[in-house]
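Visitor: Next comes the structure file work-v8.csv, holding CSV, C-alpha atoms and all ligand atoms.
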chain,number,residue,atom,x,y,z
A,1,MET,CA,-18.5,8.7,27.7
A,2,ASN,CA,-21.2,7.6,25.5
A,3,HIS,CA,-20.9,4.1,24.0
A,4,GLU,CA,-24.6,3.8,23.4
A,5,MET,CA,-25.6,3.2,19.8
A,6,THR,CA,-26.6,6.8,19.1
A,7,MET,CA,-27.2,7.9,15.6
A,8,GLY,CA,-23.8,9.6,15.6
A,9,ASN,CA,-22.1,6.3,16.7
A,10,LYS,CA,-23.9,4.4,14.0
A,11,GLU,CA,-22.8,6.8,11.4
A,12,ARG,CA,-19.2,6.5,12.5
A,13,ILE,CA,-19.4,2.8,12.2
A,14,PHE,CA,-21.0,2.9,8.8
A,15,ALA,CA,-18.4,5.4,7.5
A,16,ALA,CA,-15.6,3.3,8.9
A,17,LEU,CA,-17.0,0.1,7.3
A,18,ASP,CA,-17.5,1.8,4.0
A,19,ALA,CA,-13.8,2.7,3.9
A,20,PHE,CA,-12.5,-0.6,5.3
A,21,LYS,CA,-10.8,-3.0,2.8
A,22,ILE,CA,-8.5,-5.9,3.6
A,23,GLU,CA,-6.6,-8.1,1.2
A,24,VAL,CA,-6.7,-11.9,1.3
A,25,PRO,CA,-3.6,-14.0,0.6
A,26,SER,CA,-3.8,-16.6,-2.2
A,27,TRP,CA,-1.8,-19.0,0.0
A,28,GLY,CA,-4.6,-18.8,2.6
A,29,PHE,CA,-6.8,-21.0,0.3
A,30,ALA,CA,-4.2,-23.6,-0.4
A,31,ASN,CA,-3.2,-26.7,1.6
A,32,THR,CA,-0.5,-25.6,4.0
A,33,GLY,CA,0.8,-27.1,7.2
A,34,THR,CA,3.6,-27.0,9.7
A,35,ARG,CA,7.1,-28.3,9.2
A,36,PHE,CA,5.8,-31.6,10.6
A,37,GLY,CA,3.2,-32.2,7.9
A,38,LYS,CA,0.1,-31.1,6.2
A,39,PHE,CA,-3.5,-32.0,6.9
A,40,LEU,CA,-5.1,-31.8,3.5
A,41,GLN,CA,-8.6,-30.3,3.1
A,42,PRO,CA,-11.0,-31.5,0.5
A,43,ALA,CA,-12.1,-27.9,-0.4
A,44,ALA,CA,-8.6,-26.5,-0.5
A,45,ALA,CA,-7.6,-24.6,-3.7
A,46,THR,CA,-4.8,-26.2,-5.8
A,47,THR,CA,-4.9,-23.9,-8.8
A,48,ILE,CA,-4.8,-20.1,-9.1
A,49,GLU,CA,-8.2,-20.2,-10.8
A,50,GLN,CA,-9.6,-21.8,-7.6
A,51,LYS,CA,-7.8,-19.3,-5.4
A,52,PHE,CA,-9.4,-16.4,-7.3
A,53,ALA,CA,-12.8,-18.1,-7.1
A,54,ASP,CA,-12.4,-18.5,-3.3
A,55,ALA,CA,-11.3,-14.8,-2.9
A,56,ALA,CA,-14.4,-13.7,-4.9
A,57,GLU,CA,-16.6,-15.7,-2.6
A,58,VAL,CA,-15.0,-14.1,0.5
A,59,ASN,CA,-15.6,-10.6,-1.1
A,60,ARG,CA,-19.2,-11.5,-2.1
A,61,LEU,CA,-20.0,-12.4,1.5
A,62,THR,CA,-18.1,-9.6,3.3
A,63,GLY,CA,-17.9,-6.7,0.8
A,64,ALA,CA,-14.5,-5.9,2.2
A,65,ALA,CA,-11.9,-8.0,0.4
A,66,PRO,CA,-11.6,-6.9,-3.2
A,67,THR,CA,-8.0,-7.9,-3.9
A,68,ILE,CA,-5.9,-11.0,-3.6
A,69,ALA,CA,-2.2,-11.0,-2.7
A,70,LEU,CA,-0.1,-13.1,-5.1
A,71,HIS,CA,3.1,-15.0,-4.3
A,72,VAL,CA,5.2,-15.1,-7.5
A,73,LEU,CA,6.6,-18.6,-7.3
A,74,TRP,CA,3.3,-20.2,-6.1
A,75,ASP,CA,0.9,-18.2,-8.3
A,76,LEU,CA,3.0,-17.2,-11.3
A,77,PRO,CA,5.5,-20.1,-11.5
A,78,ASN,CA,6.4,-19.0,-15.1
A,79,GLY,CA,6.8,-15.4,-14.1
A,80,LEU,CA,5.8,-12.7,-16.6
A,81,LYS,CA,4.4,-15.4,-18.9
A,82,ASP,CA,1.6,-16.1,-16.4
A,83,VAL,CA,0.5,-12.4,-16.3
A,84,ALA,CA,-2.1,-12.8,-19.1
A,85,GLY,CA,-3.8,-15.7,-17.2
A,86,ILE,CA,-4.0,-13.6,-14.0
A,87,GLN,CA,-5.4,-10.7,-16.0
A,88,GLY,CA,-8.1,-13.0,-17.3
A,89,LEU,CA,-9.0,-14.1,-13.7
A,90,VAL,CA,-9.1,-10.5,-12.5
A,91,LYS,CA,-11.7,-9.8,-15.2
A,92,GLN,CA,-13.6,-13.0,-14.6
A,93,HIS,CA,-13.9,-12.7,-10.8
A,94,GLY,CA,-13.9,-8.9,-10.3
A,95,ILE,CA,-11.0,-9.4,-7.8
A,96,GLY,CA,-7.9,-7.2,-8.2
A,97,ALA,CA,-4.4,-8.4,-8.2
A,98,GLY,CA,-3.1,-7.1,-4.9
A,99,SER,CA,0.4,-7.1,-3.5
A,100,ILE,CA,3.1,-9.0,-5.4
A,101,ASN,CA,5.2,-11.2,-3.1
A,102,PRO,CA,8.6,-12.3,-4.5
A,103,ASN,CA,9.9,-15.6,-3.2
A,104,LEU,CA,13.4,-15.4,-1.7
A,105,PHE,CA,13.2,-18.5,0.4
A,106,GLN,CA,12.4,-21.6,-1.6
A,107,SER,CA,15.2,-22.1,-4.1
A,108,GLN,CA,18.0,-24.6,-3.0
A,109,GLU,CA,20.4,-21.8,-3.9
A,110,TYR,CA,19.1,-19.7,-1.1
A,111,LYS,CA,20.4,-22.0,1.7
A,112,TYR,CA,22.8,-19.3,2.9
A,113,GLY,CA,20.6,-16.4,1.8
A,114,SER,CA,19.2,-14.6,-1.2
A,115,ILE,CA,20.0,-10.9,-1.5
A,116,CYS,CA,22.4,-11.3,1.5
A,117,ASN,CA,24.2,-14.4,0.2
A,118,PRO,CA,28.0,-14.2,0.2
A,119,SER,CA,27.9,-15.4,-3.4
A,120,ALA,CA,27.6,-12.5,-5.9
A,121,GLU,CA,26.1,-14.9,-8.4
A,122,ILE,CA,23.2,-16.0,-6.1
A,123,ARG,CA,22.6,-12.4,-5.0
A,124,GLY,CA,22.4,-11.5,-8.7
A,125,LYS,CA,19.8,-14.3,-9.3
A,126,ALA,CA,17.7,-13.0,-6.4
A,127,CYS,CA,18.0,-9.5,-7.7
A,128,GLN,CA,16.7,-10.7,-11.1
A,129,HIS,CA,13.7,-12.4,-9.4
A,130,LEU,CA,12.9,-9.1,-7.7
A,131,LEU,CA,13.2,-7.1,-10.9
A,132,GLU,CA,10.9,-9.6,-12.7
A,133,SER,CA,8.5,-9.3,-9.8
A,134,VAL,CA,8.4,-5.5,-10.3
A,135,GLU,CA,7.7,-6.2,-14.0
A,136,ILE,CA,4.8,-8.4,-13.0
A,137,GLN,CA,3.6,-5.7,-10.6
A,138,LYS,CA,3.6,-3.2,-13.4
A,139,ALA,CA,1.9,-5.5,-15.9
A,140,LEU,CA,-0.9,-6.2,-13.3
A,141,GLY,CA,-1.2,-2.6,-12.1
A,142,SER,CA,-0.5,-3.7,-8.6
A,143,THR,CA,0.6,-1.0,-6.1
A,144,ASP,CA,2.8,-3.0,-3.7
A,145,LEU,CA,5.8,-5.2,-4.0
A,146,SER,CA,5.7,-7.0,-0.6
A,147,MET,CA,9.2,-8.0,0.3
A,148,TRP,CA,10.0,-10.5,2.9
A,149,VAL,CA,13.7,-11.2,3.1
A,150,SER,CA,14.0,-14.5,4.8
A,151,ASP,CA,17.8,-14.4,5.0
A,152,GLY,CA,19.7,-15.0,8.2
A,153,SER,CA,22.1,-17.4,9.8
A,154,ASN,CA,21.9,-20.1,12.5
A,155,TYR,CA,25.2,-19.9,14.3
A,156,PRO,CA,27.2,-17.0,15.7
A,157,GLY,CA,30.3,-16.1,13.8
A,158,THR,CA,29.3,-18.0,10.6
A,159,GLN,CA,28.3,-14.9,8.6
A,160,SER,CA,29.3,-11.3,8.5
A,161,MET,CA,26.1,-9.4,9.5
A,162,ARG,CA,27.7,-6.1,8.5
A,163,ARG,CA,28.7,-7.2,5.0
A,164,ARG,CA,25.3,-8.7,4.5
A,165,ILE,CA,23.7,-5.3,5.2
A,166,GLU,CA,25.7,-3.8,2.4
A,167,TRP,CA,24.8,-6.5,-0.1
A,168,MET,CA,21.1,-6.2,0.8
A,169,GLU,CA,21.1,-2.4,0.6
A,170,GLU,CA,22.5,-2.5,-2.9
A,171,ILE,CA,19.8,-4.8,-4.2
A,172,LEU,CA,16.9,-3.1,-2.3
A,173,GLY,CA,18.1,0.2,-3.9
A,174,LYS,CA,18.1,-1.4,-7.4
A,175,THR,CA,14.6,-2.9,-6.9
A,176,HIS,CA,13.3,0.4,-5.6
A,177,ASP,CA,14.6,2.2,-8.7
A,178,ALA,CA,12.9,-0.1,-11.0
A,179,LEU,CA,9.4,0.7,-9.5
A,180,GLY,CA,7.0,2.7,-11.6
A,181,GLU,CA,5.0,5.7,-10.7
A,182,GLY,CA,2.6,5.1,-7.8
A,183,GLN,CA,4.2,1.8,-7.0
A,184,ARG,CA,5.7,1.0,-3.6
A,185,MET,CA,8.1,-1.5,-2.0
A,186,LEU,CA,7.1,-2.8,1.4
A,187,VAL,CA,9.9,-4.0,3.6
A,188,GLU,CA,8.8,-6.7,6.1
A,189,TYR,CA,10.7,-7.6,9.2
A,190,LYS,CA,10.8,-10.8,11.3
A,191,PRO,CA,13.2,-11.6,14.2
A,192,PHE,CA,13.3,-15.4,13.8
A,193,GLU,CA,12.5,-18.2,11.4
A,194,PRO,CA,13.6,-19.8,9.2
A,195,ALA,CA,17.0,-18.7,10.6
A,196,PHE,CA,17.4,-18.9,14.4
A,197,TYR,CA,20.5,-16.9,15.3
A,198,HIS,CA,20.2,-13.8,13.2
A,199,THR,CA,17.7,-12.5,10.6
A,200,ASP,CA,19.0,-9.9,8.2
A,201,ILE,CA,15.9,-7.7,8.7
A,202,ALA,CA,15.0,-8.5,12.2
A,203,ASP,CA,12.9,-5.6,13.4
A,204,TRP,CA,11.2,-2.3,12.4
A,205,GLY,CA,14.3,-0.2,13.0
A,206,MET,CA,16.3,-2.2,10.4
A,207,ALA,CA,13.3,-2.3,8.0
A,208,LEU,CA,12.8,1.5,8.4
A,209,GLU,CA,16.5,2.3,7.7
A,210,LEU,CA,16.6,-0.1,4.8
A,211,ALA,CA,13.4,1.4,3.4
A,212,ARG,CA,14.7,5.0,3.8
A,213,ARG,CA,18.0,4.2,2.1
A,214,ALA,CA,16.2,2.4,-0.7
A,215,GLY,CA,14.2,5.5,-1.5
A,216,PRO,CA,10.9,7.3,-1.1
A,217,LYS,CA,8.7,4.6,-2.6
A,218,ALA,CA,9.9,2.1,0.1
A,219,LYS,CA,7.8,1.7,3.3
A,220,VAL,CA,7.7,-0.7,6.3
A,221,LEU,CA,5.3,-3.6,6.5
A,222,VAL,CA,4.2,-4.7,9.9
A,223,ASP,CA,3.3,-8.4,10.2
A,224,THR,CA,1.6,-8.7,13.6
A,225,GLY,CA,3.1,-12.2,14.1
A,226,HIS,CA,6.7,-11.0,13.7
A,227,HIS,CA,7.5,-9.7,17.1
A,228,TYR,CA,8.8,-10.9,20.4
A,229,GLN,CA,6.3,-11.6,23.2
A,230,GLY,CA,5.0,-8.4,24.8
A,231,THR,CA,6.2,-6.1,22.1
A,232,ASN,CA,4.0,-3.0,22.0
A,233,ILE,CA,3.1,-3.2,18.3
A,234,GLU,CA,0.7,-0.2,18.4
A,235,GLN,CA,3.6,2.0,19.5
A,236,ILE,CA,5.6,0.8,16.5
A,237,VAL,CA,2.6,1.7,14.4
A,238,ALA,CA,2.4,5.2,16.0
A,239,TRP,CA,6.1,5.8,15.2
A,240,LEU,CA,5.9,4.6,11.6
A,241,LEU,CA,2.8,6.8,11.0
A,242,HIS,CA,4.6,9.7,12.6
A,243,LEU,CA,7.5,9.1,10.2
A,244,ASP,CA,5.3,8.6,7.1
A,245,ALA,CA,6.9,5.2,6.8
A,246,LEU,CA,4.0,2.8,7.4
A,247,GLY,CA,3.2,0.9,4.2
A,248,GLY,CA,0.9,-1.7,5.5
A,249,PHE,CA,0.1,-4.8,7.6
A,250,HIS,CA,0.1,-8.5,7.4
A,251,PHE,CA,-2.6,-9.4,10.0
A,252,ASN,CA,-2.7,-12.6,11.9
A,253,ASP,CA,-2.7,-13.6,15.6
A,254,ARG,CA,-0.2,-15.5,17.7
A,255,LYS,CA,0.4,-16.9,21.1
A,256,TYR,CA,4.0,-18.1,20.9
A,257,ALA,CA,5.8,-17.4,17.6
A,258,ASP,CA,4.6,-16.7,14.1
A,259,ASP,CA,1.6,-18.9,14.6
A,260,ASP,CA,-0.6,-17.7,11.8
A,261,LEU,CA,-3.7,-17.9,14.0
A,262,THR,CA,-6.9,-16.1,13.1
A,263,LEU,CA,-6.8,-12.4,13.7
A,264,GLY,CA,-8.1,-11.5,17.1
A,265,SER,CA,-8.4,-15.1,18.3
A,266,ILE,CA,-5.8,-14.6,21.0
A,267,ASP,CA,-5.7,-10.9,21.6
A,268,PRO,CA,-8.5,-8.9,20.0
A,269,TYR,CA,-7.7,-5.9,22.2
A,270,GLN,CA,-4.3,-5.6,20.5
A,271,VAL,CA,-5.9,-5.4,17.1
A,272,PHE,CA,-8.3,-2.8,18.4
A,273,ARG,CA,-5.3,-0.7,19.7
A,274,ILE,CA,-3.6,-1.0,16.3
A,275,PHE,CA,-6.8,0.2,14.5
A,276,HIS,CA,-7.1,3.0,17.0
A,277,GLU,CA,-3.6,4.3,16.1
A,278,ILE,CA,-4.7,4.3,12.4
A,279,LEU,CA,-8.1,5.9,13.1
A,280,SER,CA,-6.7,8.6,15.4
A,281,SER,CA,-4.0,9.7,12.9
A,282,PRO,CA,-4.6,12.3,10.2
A,283,VAL,CA,-6.1,10.8,7.1
A,284,GLU,CA,-3.2,11.9,4.9
A,285,LYS,CA,-0.9,9.7,7.0
A,286,THR,CA,-3.0,6.6,6.8
A,287,ALA,CA,-4.6,6.8,3.3
A,288,GLY,CA,-2.1,4.5,1.7
A,289,VAL,CA,-1.7,2.0,4.5
A,290,ALA,CA,-2.5,-1.4,3.1
A,291,PHE,CA,-4.4,-4.0,5.3
A,292,MET,CA,-3.6,-7.5,4.3
A,293,ILE,CA,-4.2,-10.9,5.9
A,294,ASP,CA,-1.2,-13.3,6.2
A,295,GLN,CA,-2.7,-16.5,7.6
A,296,SER,CA,-2.8,-20.1,6.4
A,297,HIS,CA,-5.0,-22.4,8.5
A,298,ASN,CA,-4.4,-26.1,8.8
A,299,MET,CA,-7.1,-26.9,11.3
A,300,LYS,CA,-10.0,-24.7,10.3
A,301,GLY,CA,-11.7,-24.8,6.9
A,302,LYS,CA,-9.9,-22.4,4.6
A,303,LEU,CA,-12.8,-20.4,3.5
A,304,GLU,CA,-14.6,-20.4,6.8
A,305,ALA,CA,-11.4,-19.1,8.5
A,306,MET,CA,-10.9,-16.4,5.9
A,307,VAL,CA,-14.5,-15.2,6.2
A,308,GLN,CA,-14.2,-15.3,10.0
A,309,THR,CA,-11.0,-13.2,9.8
A,310,VAL,CA,-12.5,-10.5,7.5
A,311,VAL,CA,-15.6,-10.3,9.7
A,312,THR,CA,-13.5,-10.0,12.9
A,313,ALA,CA,-11.4,-7.3,11.3
A,314,GLN,CA,-14.5,-5.4,10.4
A,315,GLU,CA,-15.9,-5.7,13.9
A,316,LEU,CA,-12.7,-4.6,15.6
A,317,TYR,CA,-12.3,-1.7,13.1
A,318,ALA,CA,-15.9,-0.7,13.9
A,319,LYS,CA,-15.1,-0.8,17.7
A,320,ALA,CA,-12.0,1.4,17.1
A,321,ALA,CA,-14.2,3.9,15.2
A,322,LEU,CA,-16.3,4.3,18.3
A,323,VAL,CA,-13.5,5.9,20.3
A,324,ASP,CA,-14.4,9.6,20.7
A,325,GLN,CA,-11.0,11.1,19.7
A,326,GLU,CA,-11.8,14.6,20.9
A,327,GLN,CA,-13.0,13.5,24.3
A,328,LEU,CA,-10.1,11.1,24.7
A,329,ALA,CA,-7.5,13.8,23.8
A,330,GLY,CA,-9.0,16.1,26.5
A,331,LEU,CA,-8.9,13.3,29.1
A,332,GLN,CA,-5.3,12.4,28.2
A,333,ASP,CA,-4.2,16.1,28.4
A,334,GLY,CA,-5.9,16.4,31.8
A,335,CYS,CA,-4.2,13.2,32.9
A,336,ARG,CA,-7.6,11.8,34.0
A,337,LEU,CA,-6.3,8.3,33.7
A,338,VAL,CA,-9.3,6.2,34.6
A,339,GLU,CA,-11.7,8.2,32.6
A,340,ALA,CA,-9.4,8.1,29.6
A,341,GLU,CA,-9.0,4.4,30.0
A,342,GLU,CA,-12.8,3.9,30.3
A,343,CYS,CA,-13.4,6.1,27.2
A,344,PHE,CA,-10.9,3.9,25.3
A,345,ARG,CA,-11.9,0.6,26.7
A,346,GLY,CA,-15.6,1.3,26.6
A,347,ALA,CA,-15.4,1.4,22.8
A,348,PHE,CA,-13.7,-2.0,22.9
A,349,TRP,CA,-16.4,-3.5,25.1
A,350,THR,CA,-19.3,-2.2,23.0
A,351,ASP,CA,-21.0,-4.9,21.1
A,352,VAL,CA,-21.0,-3.5,17.6
A,353,ARG,CA,-22.2,-6.7,15.9
A,354,PRO,CA,-25.9,-5.6,15.5
A,355,VAL,CA,-24.8,-2.3,13.8
A,356,VAL,CA,-22.3,-4.2,11.6
A,357,LYS,CA,-25.2,-6.4,10.6
A,358,GLU,CA,-27.3,-3.4,9.8
A,359,TRP,CA,-24.5,-2.0,7.7
A,360,ARG,CA,-24.3,-5.3,5.8
A,361,THR,CA,-28.0,-5.3,5.0
A,362,ALA,CA,-27.9,-1.6,4.1
A,363,ARG,CA,-25.2,-2.3,1.6
A,364,GLY,CA,-27.0,-5.2,0.0
A,365,LEU,CA,-24.7,-7.8,1.6
A,366,THR,CA,-25.7,-10.9,3.6
A,367,ALA,CA,-26.3,-10.1,7.3
A,368,ASP,CA,-24.3,-13.1,8.5
A,369,PRO,CA,-21.4,-14.0,6.2
A,370,LEU,CA,-20.4,-17.1,8.1
A,371,ASP,CA,-23.9,-18.5,8.2
A,372,SER,CA,-24.4,-17.7,4.5
A,373,LEU,CA,-21.1,-19.5,3.7
A,374,ARG,CA,-22.3,-22.6,5.6
A,375,THR,CA,-25.8,-22.7,4.2
A,376,GLY,CA,-24.8,-21.6,0.6
A,377,ARG,CA,-23.9,-23.8,-2.3
A,378,TYR,CA,-20.4,-22.6,-2.9
A,379,LEU,CA,-18.6,-24.6,-0.2
A,380,GLU,CA,-20.5,-27.7,-0.9
A,381,GLU,CA,-19.7,-27.5,-4.6
A,382,ILE,CA,-16.0,-26.9,-4.3
A,383,THR,CA,-15.7,-29.6,-1.7
A,384,ARG,CA,-17.2,-32.0,-4.2
A,385,GLU,CA,-15.2,-30.7,-7.2
A,386,ARG,CA,-11.8,-30.6,-5.4
A,387,ALA,CA,-11.9,-33.6,-3.2
A,388,ALA,CA,-10.2,-35.9,-5.6
A,389,ALA,CA,-7.3,-33.6,-6.2
A,390,ASN,CA,-6.9,-33.2,-2.5
A,391,ALA,CA,-7.0,-36.9,-1.7
A,392,GLY,CA,-3.3,-37.5,-1.7
A,393,SER,CA,-1.3,-37.8,1.5
A,394,GLY,CA,0.3,-34.7,3.0
A,395,SER,CA,4.0,-34.3,2.7
A,396,SER,CA,5.8,-35.5,5.8
A,397,TYR,CA,8.6,-33.9,7.9
A,398,ALA,CA,11.3,-36.4,7.1
B,1,LIG,C1,6.9,-15.0,6.5
B,1,LIG,O1,6.6,-15.6,7.7
B,1,LIG,C2,5.6,-14.3,5.9
B,1,LIG,O2,5.1,-13.5,6.9
B,1,LIG,C3,5.9,-13.5,4.7
B,1,LIG,O3,5.1,-12.4,4.6
B,1,LIG,C4,5.7,-14.5,3.6
B,1,LIG,O4,5.5,-13.9,2.4
B,1,LIG,C5,4.5,-15.2,4.2
B,1,LIG,O5,4.7,-15.3,5.5
B,1,LIG,C6,4.2,-16.6,3.6
B,1,LIG,O6,3.2,-17.2,4.3
B,2,MN,MN,3.9,-11.7,6.4
Please rewrite the model in this file as C-alpha cells.
Guide:
Amino acid sequence: MNHEMTMGNKERIFAALDAFKIEVPSWGFANTGTRFGKFLQPAAATTIEQKFADAAEVNRLTGAAPTIALHVLWDLPNGLKDVAGIQGLVKQHGIGAGSINPNLFQSQEYKYGSICNPSAEIRGKACQHLLESVEIQKALGSTDLSMWVSDGSNYPGTQSMRRRIEWMEEILGKTHDALGEGQRMLVEYKPFEPAFYHTDIADWGMALELARRAGPKAKVLVDTGHHYQGTNIEQIVAWLLHLDALGGFHFNDRKYADDDLTLGSIDPYQVFRIFHEILSSPVEKTAGVAFMIDQSHNMKGKLEAMVQTVVTAQELYAKAALVDQEQLAGLQDGCRLVEAEECFRGAFWTDVRPVVKEWRTARGLTADPLDSLRTGRYLEEITRERAAANAGSGSSYA
C-alpha cells in the first residue's frame, strides 16, 4: 500500500480536483436560524444580487463552485417574471443557475400537506407551483428540479398514508412529464421534520419507487442529514448507483438530526466513504451525479463557512481519489481484511493538503482560500455595505 505522494498519486489528485464541482445553496448566504430564533449577521445576503455575488466569491477562491442552487419562493418570489433578472446575474457573475428548488412547505395552505393534501384544490395549487418551477428550470437552462416534499402528519390515524401515496404519485408523474430534454427531477427523502409521525417520502426506498414510477428523468437525491443515526449512507449510495438511480447529493453534516453542520465537521470518514463509492463506480454511472451543499450556518460567518465546506469537500474527494481501486479489489477478493482496511483507511489518513495547495497554485487559484477570504477586501466591503440592512432583530420563536 503506497500512500506516499508519488507522481502517480499526485496526478490522481489533480485529475480528481479538475473534475470536482459542487453547487452552493443561495439560502446558505442568507440569515437563517433555528425555530427558536435567528442571529443576524452583518454580512449576510438579503437580496438575490448579493447571493450571486457571494457565490461568485466562493467560486473565485475555490475554483470548484460554478453554480448556485435557487429556491423558487425565496429567490424568484414572482416566479417566471423573475427569470430575466436571474439571467442578468448569471451573465454578470459568471455563476450558473443550478438546481431549481420548488417550495412546498411555506404556504399557509400546506398545513396538512402540499401534493399529498386531502384537498384536491390545494394539491392542484402545489402542482401548478411545480409546473411553474419546471418552466423556470427551462428558461434558465437548469438541469435539475430538486424536489423536497415536506408533507407528513403528526399523529397516528389522522391521515391515510396510502391515499397520500396515490395523490403524490399522480402529481410527480405530471411534473416529470413536463420536463424538457436533458432535464431531471430529483426526489429527496427525509424521515422526520417538519412532521414527526410520518413523512410522505421518508426514505430512499420510497424515493426510489416514486422516482421510478414518475419516469426515466426522475432520480433520487441523498441529503446526508436525512437519515437515522447509524444509517450506512454509503451503502444506499452503492445501491442507487447500481440501479442507475442516483441523481445527486445535498451535503451537510449532523450529530443528532438534520443539523446542517459543516460537511465533515462531525464525521469526515463518512464523507470519504461516500466519495469512495462514487470514485470506485464506472464513470457512466456517476457522470450525472450532482454534488450540492445544503447548509445554512447561524454561528459561523456565512462566507467563511461556505468556503470551508468547499475546501473540505475538495480535500476529502482528493483523499478518496488516493484509494488504489485495483489493489483494494484484489485484497477484498482474497478476504485479506486488515490489508484491505489499511489500503482504504491509509488513503483517508494521508494528508493531501499540500498537494491540494499545489493544485490550486497550478490552476491559478489562491493557495489558501480561507486565508484569502479573511485578508481580502470582499468580506470587509460586504460587511460594511450590508450591516444596516441586517441590523434589525431576528424573528423570535413565539
Ligand atoms: C429540507 O430539510 C431540505 O434538506 C430541503 O432540501 C430544502 O430544500 C432545504 O433543506 C432547505 O434548507
Ligand atoms: Mn436537502
Visitor: I want to know what sits within 10 Å of A:Ala388, based on all atoms listed in the file, with residues of the same chain fewer than 5 positions away left out; could you give that as a JSON list (two decimals) with C-alpha atoms, in the frame of the given file?
Guide:
[["chain", "number", "residue", "atom", "x", "y", "z"],
["A", 42, "PRO", "CA", -11.00, -31.50, 0.50],
["A", 43, "ALA", "CA", -12.10, -27.90, -0.40],
["A", 383, "THR", "CA", -15.70, -29.60, -1.70]]
Visitor: List all protein, DNA and RNA residues that have at least one atom no more than 8 Å from any atom of ligand LIG 1 (chain B), counting only C-alpha atoms and all ligand atoms, and write them as a PDB file with C-alpha atoms, in the coordinates of the input.
Guide:
ATOM      1  CA  TRP A  27      -1.800 -19.000   0.000  1.00  0.00           C
ATOM      2  CA  HIS A  71       3.100 -15.000  -4.300  1.00  0.00           C
ATOM      3  CA  ASN A 101       5.200 -11.200  -3.100  1.00  0.00           C
ATOM      4  CA  PRO A 102       8.600 -12.300  -4.500  1.00  0.00           C
ATOM      5  CA  ASN A 103       9.900 -15.600  -3.200  1.00  0.00           C
ATOM      6  CA  SER A 146       5.700  -7.000  -0.600  1.00  0.00           C
ATOM      7  CA  MET A 147       9.200  -8.000   0.300  1.00  0.00           C
ATOM      8  CA  TRP A 148      10.000 -10.500   2.900  1.00  0.00           C
ATOM      9  CA  SER A 150      14.000 -14.500   4.800  1.00  0.00           C
ATOM     10  CA  GLU A 188       8.800  -6.700   6.100  1.00  0.00           C
ATOM     11  CA  LYS A 190      10.800 -10.800  11.300  1.00  0.00           C
ATOM     12  CA  GLU A 193      12.500 -18.200  11.400  1.00  0.00           C
ATOM     13  CA  ASP A 223       3.300  -8.400  10.200  1.00  0.00           C
ATOM     14  CA  GLY A 225       3.100 -12.200  14.100  1.00  0.00           C
ATOM     15  CA  HIS A 226       6.700 -11.000  13.700  1.00  0.00           C
ATOM     16  CA  HIS A 250       0.100  -8.500   7.400  1.00  0.00           C
ATOM     17  CA  ASP A 258       4.600 -16.700  14.100  1.00  0.00           C
ATOM     18  CA  ASP A 294      -1.200 -13.300   6.200  1.00  0.00           C
ATOM     19  CA  GLN A 295      -2.700 -16.500   7.600  1.00  0.00           C
ATOM     20  CA  SER A 296      -2.800 -20.100   6.400  1.00  0.00           C
TER      21      SER A 296
END
Visitor: Just how far from atom CA of A:Phe348 is atom CA of A:His3, in Å to one decimal?
Guide: 9.5 Å
Visitor: Measuring between all atoms listed in the file, which one of A:Phe249, A:Trp239, A:Tyr155, A:Phe39 shows the shortest distance to ligand MN 2 (chain B)?
Guide: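 That would be A:Phe249, the residue with the smallest distance to ligand MN 2 (chain B).
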Visitor: So, with only C-alpha atoms and all ligand atoms as the atoms that count, which of A:Asp267, A:Asp333, A:Asp253, A:Glu380 lies closest to ligand MN 2 (chain B)?
Guide: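 Among the listed residues, A:Asp253 lies closest to ligand MN 2 (chain B).
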Visitor: For a test of reading the model, state the distance in Å between atom CA of A:Ala305 and atom CA of A:Val237, rounded to one decimal.
Guide: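 Going from atom CA of A:Ala305 over to atom CA of A:Val237, I get 25.8 Å.
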Visitor: Taking (1.5, -0.2, -5.3) in the file's coordinates, which residues come within 12 Å, counting all atoms listed in the file, written as a ChimeraX atom specification?
Guide: /A:69,97-101,134,136-146,176,179-186,217-219,247-248,288-290
Visitor: When distances are computed from all atoms listed in the file, which of A:Glu326, A:Glu170, A:Asp260, A:Glu304 shows the smallest separation from ligand MN 2 (chain B)?
Guide: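 Checking each of A:Glu326, A:Glu170, A:Asp260, A:Glu304 against ligand MN 2 (chain B), counting all atoms listed in the file, the winner is A:Asp260.
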Visitor: Identify which of the residues A:Gln332, A:Thr6, A:Asn298, A:Thr350 lies closest to A:Ala318, counting all atoms listed in the file when measuring atom-to-atom distances.
Guide: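 Closest to A:Ala318 of all the choices is A:Thr350.
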Visitor: Residues near A:Gly364, anyone? I mean within 12 Å using only C-alpha atoms, not counting same-chain ones fewer than 4 positions away, as a ChimeraX atom specification.
Guide: /A:60-63,357-360,368
Visitor: Quick one: residues within 7 Å of A:Glu23, all atoms listed in the file counted, chain neighbours fewer than 3 positions away excluded, as a VMD selection string?
Guide: chain A and resid 65 to 69 291 to 293
Visitor: Provide the atom CA of A:Thr309 to atom CA of A:Gly88 distance in Å, to one decimal place.
Guide: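 Value for the atom CA of A:Thr309-atom CA of A:Gly88 distance: 27.3 Å.
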Visitor: What's around A:Gln159 at 10 Å? Count all atoms listed in the file, leave out sequence neighbours fewer than 6 positions away in its own chain, and write the answer as a list in words.
Guide: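 Final neighbour list, sorted by chain and number: Tyr112, Cys116, Asn117, Pro118, Gly152, Ser153 and His198 of chain A.
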Visitor: Go ahead and write the selection's residues with C-alpha atoms as an mmCIF file, keeping the file's coordinate frame.
Guide:
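Contents of part.cif, as written:
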data_model
loop_
_atom_site.group_PDB
_atom_site.id
_atom_site.type_symbol
_atom_site.label_atom_id
_atom_site.label_comp_id
_atom_site.auth_asym_id
_atom_site.auth_seq_id
_atom_site.Cartn_x
_atom_site.Cartn_y
_atom_site.Cartn_z
ATOM 1 C CA TYR A 112 22.800 -19.300 2.900
ATOM 2 C CA CYS A 116 22.400 -11.300 1.500
ATOM 3 C CA ASN A 117 24.200 -14.400 0.200
ATOM 4 C CA PRO A 118 28.000 -14.200 0.200
ATOM 5 C CA GLY A 152 19.700 -15.000 8.200
ATOM 6 C CA SER A 153 22.100 -17.400 9.800
ATOM 7 C CA HIS A 198 20.200 -13.800 13.200
#
Visitor: Can you work out which one of A:Ile22, A:Leu322, A:Ala245, A:Ala30 has the shortest atom-to-atom distance to A:Gly301, counting only C-alpha atoms?
Guide: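 The closest residue to A:Gly301 is A:Ala30.
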